[in-house]
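Pasting coords11.cif here (mmCIF, all heavy atoms):
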```cif
data_query
#
loop_
_atom_site.label_atom_id
_atom_site.label_comp_id
_atom_site.auth_asym_id
_atom_site.auth_seq_id
_atom_site.Cartn_x
_atom_site.Cartn_y
_atom_site.Cartn_z
N MET T 1 100.02 122.31 130.04
CA MET T 1 98.64 122.54 130.35
C MET T 1 98.18 121.51 131.38
O MET T 1 98.35 120.32 131.20
CB MET T 1 97.80 122.40 129.07
CG MET T 1 96.32 122.39 129.37
SD MET T 1 95.32 121.79 128.00
CE MET T 1 95.06 123.31 127.14
N ARG T 2 97.64 121.97 132.45
CA ARG T 2 97.13 121.07 133.48
C ARG T 2 95.65 120.86 133.25
O ARG T 2 94.91 121.80 133.04
CB ARG T 2 97.36 121.67 134.86
CG ARG T 2 96.85 120.78 135.96
CD ARG T 2 97.37 121.26 137.30
NE ARG T 2 96.62 120.70 138.38
CZ ARG T 2 96.77 119.49 138.86
NH1 ARG T 2 97.66 118.70 138.32
NH2 ARG T 2 96.06 119.05 139.87
N ARG T 3 95.22 119.63 133.31
CA ARG T 3 93.80 119.32 133.12
C ARG T 3 93.25 118.72 134.39
O ARG T 3 93.93 118.00 135.10
CB ARG T 3 93.63 118.31 131.99
CG ARG T 3 93.98 118.91 130.67
CD ARG T 3 93.52 118.00 129.57
NE ARG T 3 93.71 118.70 128.31
CZ ARG T 3 94.08 118.11 127.21
NH1 ARG T 3 94.29 116.84 127.19
NH2 ARG T 3 94.23 118.80 126.11
N ARG T 4 92.02 119.05 134.65
CA ARG T 4 91.33 118.47 135.79
C ARG T 4 90.53 117.28 135.28
O ARG T 4 89.70 117.43 134.40
CB ARG T 4 90.39 119.50 136.42
CG ARG T 4 89.70 118.99 137.62
CD ARG T 4 88.89 120.12 138.26
NE ARG T 4 87.86 119.52 139.05
CZ ARG T 4 86.57 119.61 138.82
NH1 ARG T 4 86.13 120.32 137.81
NH2 ARG T 4 85.71 119.01 139.59
N TRP T 5 90.77 116.13 135.81
CA TRP T 5 90.07 114.92 135.38
C TRP T 5 88.91 114.69 136.32
O TRP T 5 89.07 114.20 137.43
CB TRP T 5 91.00 113.72 135.39
CG TRP T 5 92.11 113.90 134.42
CD1 TRP T 5 93.25 114.61 134.63
CD2 TRP T 5 92.19 113.42 133.09
NE1 TRP T 5 94.03 114.58 133.51
CE2 TRP T 5 93.40 113.86 132.56
CE3 TRP T 5 91.34 112.66 132.31
CZ2 TRP T 5 93.78 113.55 131.26
CZ3 TRP T 5 91.75 112.36 131.03
CH2 TRP T 5 92.95 112.80 130.51
N VAL T 6 87.73 115.06 135.89
CA VAL T 6 86.53 114.89 136.69
C VAL T 6 86.22 113.41 136.78
O VAL T 6 86.22 112.71 135.78
CB VAL T 6 85.34 115.67 136.07
CG1 VAL T 6 84.08 115.42 136.87
CG2 VAL T 6 85.66 117.14 135.99
N GLY T 7 85.94 112.95 137.96
CA GLY T 7 85.56 111.55 138.14
C GLY T 7 86.68 110.59 137.83
O GLY T 7 86.50 109.66 137.07
N THR T 8 87.84 110.79 138.40
CA THR T 8 88.96 109.89 138.10
C THR T 8 88.66 108.47 138.53
O THR T 8 89.22 107.53 137.99
CB THR T 8 90.27 110.37 138.75
OG1 THR T 8 90.06 110.60 140.13
CG2 THR T 8 90.79 111.61 138.08
N ALA T 9 87.74 108.28 139.49
CA ALA T 9 87.34 106.92 139.84
C ALA T 9 86.70 106.25 138.63
O ALA T 9 86.95 105.10 138.34
CB ALA T 9 86.38 106.94 141.02
N LYS T 10 85.87 106.99 137.92
CA LYS T 10 85.27 106.47 136.69
C LYS T 10 86.32 106.41 135.59
O LYS T 10 86.31 105.51 134.77
CB LYS T 10 84.10 107.35 136.24
CG LYS T 10 82.90 107.25 137.14
CD LYS T 10 81.73 107.98 136.54
CE LYS T 10 81.79 109.42 136.92
NZ LYS T 10 80.70 110.22 136.39
N GLY T 11 87.21 107.38 135.56
CA GLY T 11 88.23 107.44 134.52
C GLY T 11 89.20 106.28 134.59
O GLY T 11 89.77 105.89 133.59
N GLY T 12 89.37 105.71 135.77
CA GLY T 12 90.27 104.58 135.93
C GLY T 12 89.84 103.36 135.14
O GLY T 12 90.64 102.47 134.86
N ILE T 13 88.58 103.30 134.76
CA ILE T 13 88.07 102.17 133.98
C ILE T 13 88.69 102.13 132.59
O ILE T 13 88.72 101.08 131.96
CB ILE T 13 86.53 102.21 133.91
CG1 ILE T 13 85.95 100.89 133.40
CG2 ILE T 13 86.06 103.34 133.02
CD1 ILE T 13 86.08 99.77 134.38
N VAL T 14 89.22 103.24 132.14
CA VAL T 14 89.84 103.30 130.80
C VAL T 14 90.91 102.24 130.66
O VAL T 14 91.00 101.57 129.62
CB VAL T 14 90.42 104.71 130.54
CG1 VAL T 14 91.28 104.73 129.29
CG2 VAL T 14 89.31 105.72 130.43
N ILE T 15 91.72 102.06 131.67
CA ILE T 15 92.82 101.10 131.61
C ILE T 15 92.27 99.68 131.47
O ILE T 15 92.73 98.90 130.64
CB ILE T 15 93.71 101.23 132.86
CG1 ILE T 15 94.34 102.62 132.87
CG2 ILE T 15 94.77 100.14 132.89
CD1 ILE T 15 94.96 103.00 134.18
N ALA T 16 91.26 99.34 132.26
CA ALA T 16 90.67 98.00 132.20
C ALA T 16 90.01 97.74 130.85
O ALA T 16 90.16 96.64 130.29
CB ALA T 16 89.68 97.82 133.33
N VAL T 17 89.29 98.71 130.34
CA VAL T 17 88.61 98.55 129.04
C VAL T 17 89.65 98.36 127.94
O VAL T 17 89.51 97.49 127.07
CB VAL T 17 87.68 99.74 128.74
CG1 VAL T 17 87.19 99.71 127.31
CG2 VAL T 17 86.51 99.75 129.71
N GLN T 18 90.69 99.16 127.96
CA GLN T 18 91.73 99.06 126.94
C GLN T 18 92.37 97.67 126.98
O GLN T 18 92.58 97.05 125.95
CB GLN T 18 92.79 100.15 127.14
CG GLN T 18 93.78 100.27 126.01
CD GLN T 18 94.89 99.24 126.03
OE1 GLN T 18 95.34 98.82 127.08
NE2 GLN T 18 95.31 98.81 124.86
N ARG T 19 92.66 97.19 128.17
CA ARG T 19 93.29 95.86 128.28
C ARG T 19 92.35 94.75 127.82
O ARG T 19 92.75 93.83 127.13
CB ARG T 19 93.73 95.60 129.72
CG ARG T 19 94.96 96.35 130.09
CD ARG T 19 95.41 95.96 131.47
NE ARG T 19 96.61 96.70 131.83
CZ ARG T 19 97.09 96.79 133.05
NH1 ARG T 19 96.46 96.19 134.04
NH2 ARG T 19 98.17 97.48 133.29
N GLU T 20 91.09 94.84 128.24
CA GLU T 20 90.12 93.79 127.89
C GLU T 20 89.83 93.75 126.40
O GLU T 20 89.78 92.68 125.80
CB GLU T 20 88.82 94.02 128.67
CG GLU T 20 87.76 92.98 128.44
CD GLU T 20 88.09 91.61 129.00
OE1 GLU T 20 88.88 91.52 129.96
OE2 GLU T 20 87.56 90.62 128.46
N LEU T 21 89.62 94.90 125.80
CA LEU T 21 89.23 94.95 124.39
C LEU T 21 90.41 95.08 123.44
O LEU T 21 90.28 94.83 122.25
CB LEU T 21 88.26 96.12 124.15
CG LEU T 21 86.95 96.06 124.93
CD1 LEU T 21 86.11 97.29 124.65
CD2 LEU T 21 86.18 94.79 124.62
N GLY T 22 91.55 95.52 123.95
CA GLY T 22 92.74 95.67 123.12
C GLY T 22 92.65 96.79 122.11
O GLY T 22 93.29 96.74 121.06
N VAL T 23 91.83 97.79 122.41
CA VAL T 23 91.70 98.93 121.50
C VAL T 23 92.40 100.14 122.09
O VAL T 23 92.44 100.32 123.30
CB VAL T 23 90.21 99.27 121.22
CG1 VAL T 23 89.54 98.14 120.48
CG2 VAL T 23 89.47 99.58 122.50
N PRO T 24 92.99 100.98 121.25
CA PRO T 24 93.67 102.15 121.77
C PRO T 24 92.67 103.21 122.25
O PRO T 24 91.57 103.31 121.72
CB PRO T 24 94.46 102.68 120.57
CG PRO T 24 93.69 102.19 119.39
CD PRO T 24 93.09 100.88 119.80
N VAL T 25 93.07 103.96 123.25
CA VAL T 25 92.26 105.08 123.73
C VAL T 25 92.76 106.31 123.00
O VAL T 25 93.93 106.67 123.13
CB VAL T 25 92.40 105.25 125.26
CG1 VAL T 25 91.60 106.45 125.73
CG2 VAL T 25 91.98 103.98 125.97
N LYS T 26 91.91 106.94 122.22
CA LYS T 26 92.32 108.09 121.43
C LYS T 26 91.77 109.40 121.96
O LYS T 26 92.39 110.43 121.81
CB LYS T 26 91.91 107.90 119.98
CG LYS T 26 92.63 106.73 119.35
CD LYS T 26 92.44 106.70 117.88
CE LYS T 26 93.25 105.54 117.32
NZ LYS T 26 93.73 105.80 116.02
N LEU T 27 90.58 109.35 122.57
CA LEU T 27 89.94 110.57 123.06
C LEU T 27 89.48 110.37 124.50
O LEU T 27 89.18 109.25 124.92
CB LEU T 27 88.73 110.94 122.21
CG LEU T 27 89.01 111.26 120.75
CD1 LEU T 27 87.70 111.39 119.99
CD2 LEU T 27 89.82 112.54 120.62
N VAL T 28 89.41 111.47 125.22
CA VAL T 28 88.90 111.45 126.58
C VAL T 28 87.93 112.61 126.74
O VAL T 28 88.12 113.68 126.15
CB VAL T 28 90.07 111.55 127.60
CG1 VAL T 28 90.80 112.85 127.52
CG2 VAL T 28 89.58 111.28 129.00
N GLY T 29 86.86 112.38 127.48
CA GLY T 29 85.89 113.43 127.73
C GLY T 29 86.28 114.25 128.94
O GLY T 29 86.49 113.72 130.02
N LEU T 30 86.41 115.55 128.75
CA LEU T 30 86.78 116.43 129.85
C LEU T 30 85.58 117.18 130.42
O LEU T 30 85.73 117.99 131.31
CB LEU T 30 87.85 117.43 129.38
CG LEU T 30 89.13 116.81 128.85
CD1 LEU T 30 90.06 117.88 128.32
CD2 LEU T 30 89.81 115.99 129.93
N GLY T 31 84.44 116.91 129.87
CA GLY T 31 83.20 117.55 130.31
C GLY T 31 82.04 116.69 129.87
O GLY T 31 82.20 115.50 129.64
N GLU T 32 80.89 117.32 129.72
CA GLU T 32 79.70 116.55 129.39
C GLU T 32 79.24 116.70 127.95
O GLU T 32 78.35 115.97 127.52
CB GLU T 32 78.57 116.93 130.34
CG GLU T 32 78.91 116.56 131.78
CD GLU T 32 77.74 116.77 132.71
OE1 GLU T 32 76.61 116.94 132.24
OE2 GLU T 32 77.98 116.79 133.92
N GLY T 33 79.83 117.60 127.19
CA GLY T 33 79.41 117.81 125.82
C GLY T 33 80.37 117.21 124.81
O GLY T 33 81.50 116.85 125.13
N ALA T 34 79.89 117.12 123.56
CA ALA T 34 80.73 116.59 122.49
C ALA T 34 81.95 117.48 122.25
O ALA T 34 83.00 117.00 121.81
CB ALA T 34 79.92 116.46 121.21
N ASP T 35 81.82 118.76 122.54
CA ASP T 35 82.95 119.68 122.37
C ASP T 35 84.01 119.51 123.45
O ASP T 35 85.07 120.13 123.38
CB ASP T 35 82.46 121.14 122.38
CG ASP T 35 81.62 121.47 121.17
OD1 ASP T 35 81.73 120.75 120.15
OD2 ASP T 35 80.84 122.44 121.24
N ASP T 36 83.73 118.68 124.44
CA ASP T 36 84.65 118.48 125.55
C ASP T 36 85.58 117.28 125.35
O ASP T 36 86.25 116.85 126.28
CB ASP T 36 83.87 118.30 126.86
CG ASP T 36 83.09 119.54 127.23
OD1 ASP T 36 83.60 120.65 127.00
OD2 ASP T 36 81.97 119.41 127.74
N LEU T 37 85.61 116.74 124.14
CA LEU T 37 86.52 115.63 123.85
C LEU T 37 87.90 116.19 123.52
O LEU T 37 88.03 117.20 122.85
CB LEU T 37 86.01 114.81 122.67
CG LEU T 37 84.76 113.99 122.93
CD1 LEU T 37 84.29 113.33 121.64
CD2 LEU T 37 85.00 112.95 124.00
N ALA T 38 88.91 115.52 124.02
CA ALA T 38 90.30 115.94 123.79
C ALA T 38 91.14 114.70 123.52
O ALA T 38 90.78 113.60 123.94
CB ALA T 38 90.82 116.69 125.01
N PRO T 39 92.27 114.87 122.85
CA PRO T 39 93.16 113.72 122.65
C PRO T 39 93.59 113.14 123.99
O PRO T 39 93.82 113.87 124.96
CB PRO T 39 94.37 114.33 121.92
CG PRO T 39 93.86 115.59 121.31
CD PRO T 39 92.79 116.09 122.24
N PHE T 40 93.64 111.83 124.06
CA PHE T 40 94.05 111.14 125.28
C PHE T 40 95.56 111.26 125.44
O PHE T 40 96.32 110.92 124.53
CB PHE T 40 93.64 109.67 125.22
CG PHE T 40 94.05 108.88 126.43
CD1 PHE T 40 93.51 109.16 127.66
CD2 PHE T 40 94.98 107.87 126.33
CE1 PHE T 40 93.87 108.43 128.79
CE2 PHE T 40 95.35 107.13 127.43
CZ PHE T 40 94.79 107.41 128.66
N GLU T 41 95.99 111.76 126.58
CA GLU T 41 97.42 111.89 126.89
C GLU T 41 97.71 110.98 128.09
O GLU T 41 97.39 111.33 129.23
CB GLU T 41 97.74 113.34 127.21
CG GLU T 41 97.48 114.29 126.05
CD GLU T 41 97.67 115.74 126.42
OE1 GLU T 41 98.17 116.03 127.52
OE2 GLU T 41 97.30 116.59 125.60
N PRO T 42 98.30 109.81 127.84
CA PRO T 42 98.50 108.84 128.91
C PRO T 42 99.24 109.39 130.13
O PRO T 42 98.85 109.11 131.25
CB PRO T 42 99.32 107.73 128.23
CG PRO T 42 99.01 107.87 126.79
CD PRO T 42 98.78 109.33 126.55
N GLU T 43 100.28 110.17 129.91
CA GLU T 43 101.05 110.70 131.05
C GLU T 43 100.20 111.63 131.91
O GLU T 43 100.25 111.57 133.13
CB GLU T 43 102.32 111.39 130.57
CG GLU T 43 103.35 110.42 130.03
CD GLU T 43 104.64 111.12 129.64
OE1 GLU T 43 104.91 112.24 130.13
OE2 GLU T 43 105.39 110.52 128.86
N ALA T 44 99.43 112.51 131.28
CA ALA T 44 98.57 113.42 132.02
C ALA T 44 97.49 112.65 132.77
O ALA T 44 97.14 112.99 133.91
CB ALA T 44 97.92 114.43 131.08
N PHE T 45 96.97 111.58 132.17
CA PHE T 45 95.96 110.75 132.80
C PHE T 45 96.50 110.09 134.05
O PHE T 45 95.89 110.14 135.12
CB PHE T 45 95.46 109.70 131.79
CG PHE T 45 94.38 108.83 132.33
CD1 PHE T 45 93.08 109.28 132.42
CD2 PHE T 45 94.66 107.54 132.76
CE1 PHE T 45 92.08 108.47 132.91
CE2 PHE T 45 93.67 106.72 133.26
CZ PHE T 45 92.37 107.19 133.34
N VAL T 46 97.68 109.48 133.94
CA VAL T 46 98.29 108.83 135.10
C VAL T 46 98.64 109.83 136.19
O VAL T 46 98.39 109.59 137.37
CB VAL T 46 99.54 108.02 134.67
CG1 VAL T 46 100.30 107.50 135.87
CG2 VAL T 46 99.13 106.86 133.76
N ASP T 47 99.18 110.98 135.80
CA ASP T 47 99.48 112.03 136.78
C ASP T 47 98.24 112.44 137.55
O ASP T 47 98.28 112.64 138.76
CB ASP T 47 100.12 113.24 136.11
CG ASP T 47 101.54 113.00 135.63
OD1 ASP T 47 102.13 111.97 136.03
OD2 ASP T 47 102.05 113.83 134.86
N ALA T 48 97.12 112.57 136.84
CA ALA T 48 95.86 112.95 137.51
C ALA T 48 95.38 111.86 138.45
O ALA T 48 94.87 112.15 139.53
CB ALA T 48 94.80 113.26 136.46
N LEU T 49 95.55 110.60 138.07
CA LEU T 49 95.13 109.50 138.91
C LEU T 49 95.93 109.41 140.20
O LEU T 49 95.40 109.10 141.26
CB LEU T 49 95.22 108.17 138.16
CG LEU T 49 94.15 107.89 137.13
CD1 LEU T 49 94.44 106.58 136.42
CD2 LEU T 49 92.77 107.86 137.75
N ILE T 50 97.24 109.68 140.09
CA ILE T 50 98.08 109.55 141.29
C ILE T 50 98.33 110.87 141.98
O ILE T 50 99.05 110.92 142.98
CB ILE T 50 99.41 108.82 140.97
CG1 ILE T 50 100.23 109.57 139.95
CG2 ILE T 50 99.13 107.41 140.50
CD1 ILE T 50 101.59 108.98 139.68
N GLY T 51 97.75 111.93 141.46
CA GLY T 51 97.80 113.22 142.15
C GLY T 51 99.02 114.07 141.93
O GLY T 51 99.34 114.94 142.70
N GLU T 52 99.75 113.84 140.84
CA GLU T 52 100.90 114.68 140.53
C GLU T 52 100.48 115.86 139.67
O GLU T 52 99.52 115.80 138.94
CB GLU T 52 101.99 113.88 139.83
CG GLU T 52 102.60 112.82 140.73
CD GLU T 52 103.73 112.08 140.07
OE1 GLU T 52 104.20 112.53 139.01
OE2 GLU T 52 104.17 111.09 140.63
N ALA T 53 101.24 116.95 139.76
CA ALA T 53 100.91 118.16 138.98
C ALA T 53 101.39 118.06 137.56
O ALA T 53 102.24 117.38 137.18
CB ALA T 53 101.54 119.38 139.63
#
```

Could you express the structure from this file as structure tokens?
Amino acid sequence: MRRRWVGTAKGGIVIAVQRELGVPVKLVGLGEGADDLAPFEPEAFVDALIGEA
């Protein structure tokens, strides 16, 4: 399943927050509503950041 990561510039902050606070990232918002939360998939996130399919 390919996901479109809206605002990957904002999404890149996830890595910094995780490192600073030392907490795991479990969910990611794929839209603007509460129903748009999905499990965080690190590989899909990195692929979206660097532009791989």

What is the distance between CE1 of Phe40 in chain T and CG2 of Val28 in chain T, in Å to one decimal?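 CG2 of Val28 in chain T lies 5.2 Å from CE1 of Phe40 in chain T.
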
Around all the atoms of range 17-33 of chain T listed in the file, with 5 Å of room on each side, what axis-aligned box do you get, giving centre and edge lengths in Å to one decimal, as JSON?
```
{"center_x": 87.4, "center_y": 104.3, "center_z": 125.0, "size_x": 31.6, "size_y": 37.4, "size_z": 28.0}
```

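You will find CB of Ile13 in chain T at 14.1 Å from atom O of Ala48 in chain T.
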
Spatial neighbours of Ile15 in chain T, 6 Å, all heavy atoms, chain gap at least 4 places, as JSON, numbers by chain: {"T": [11, 19, 20, 45, 46, 49]}

Using Å and a single decimal, report how far atom N of Gly51 in chain T sits from CB of Val14 in chain T. 15.0 Å
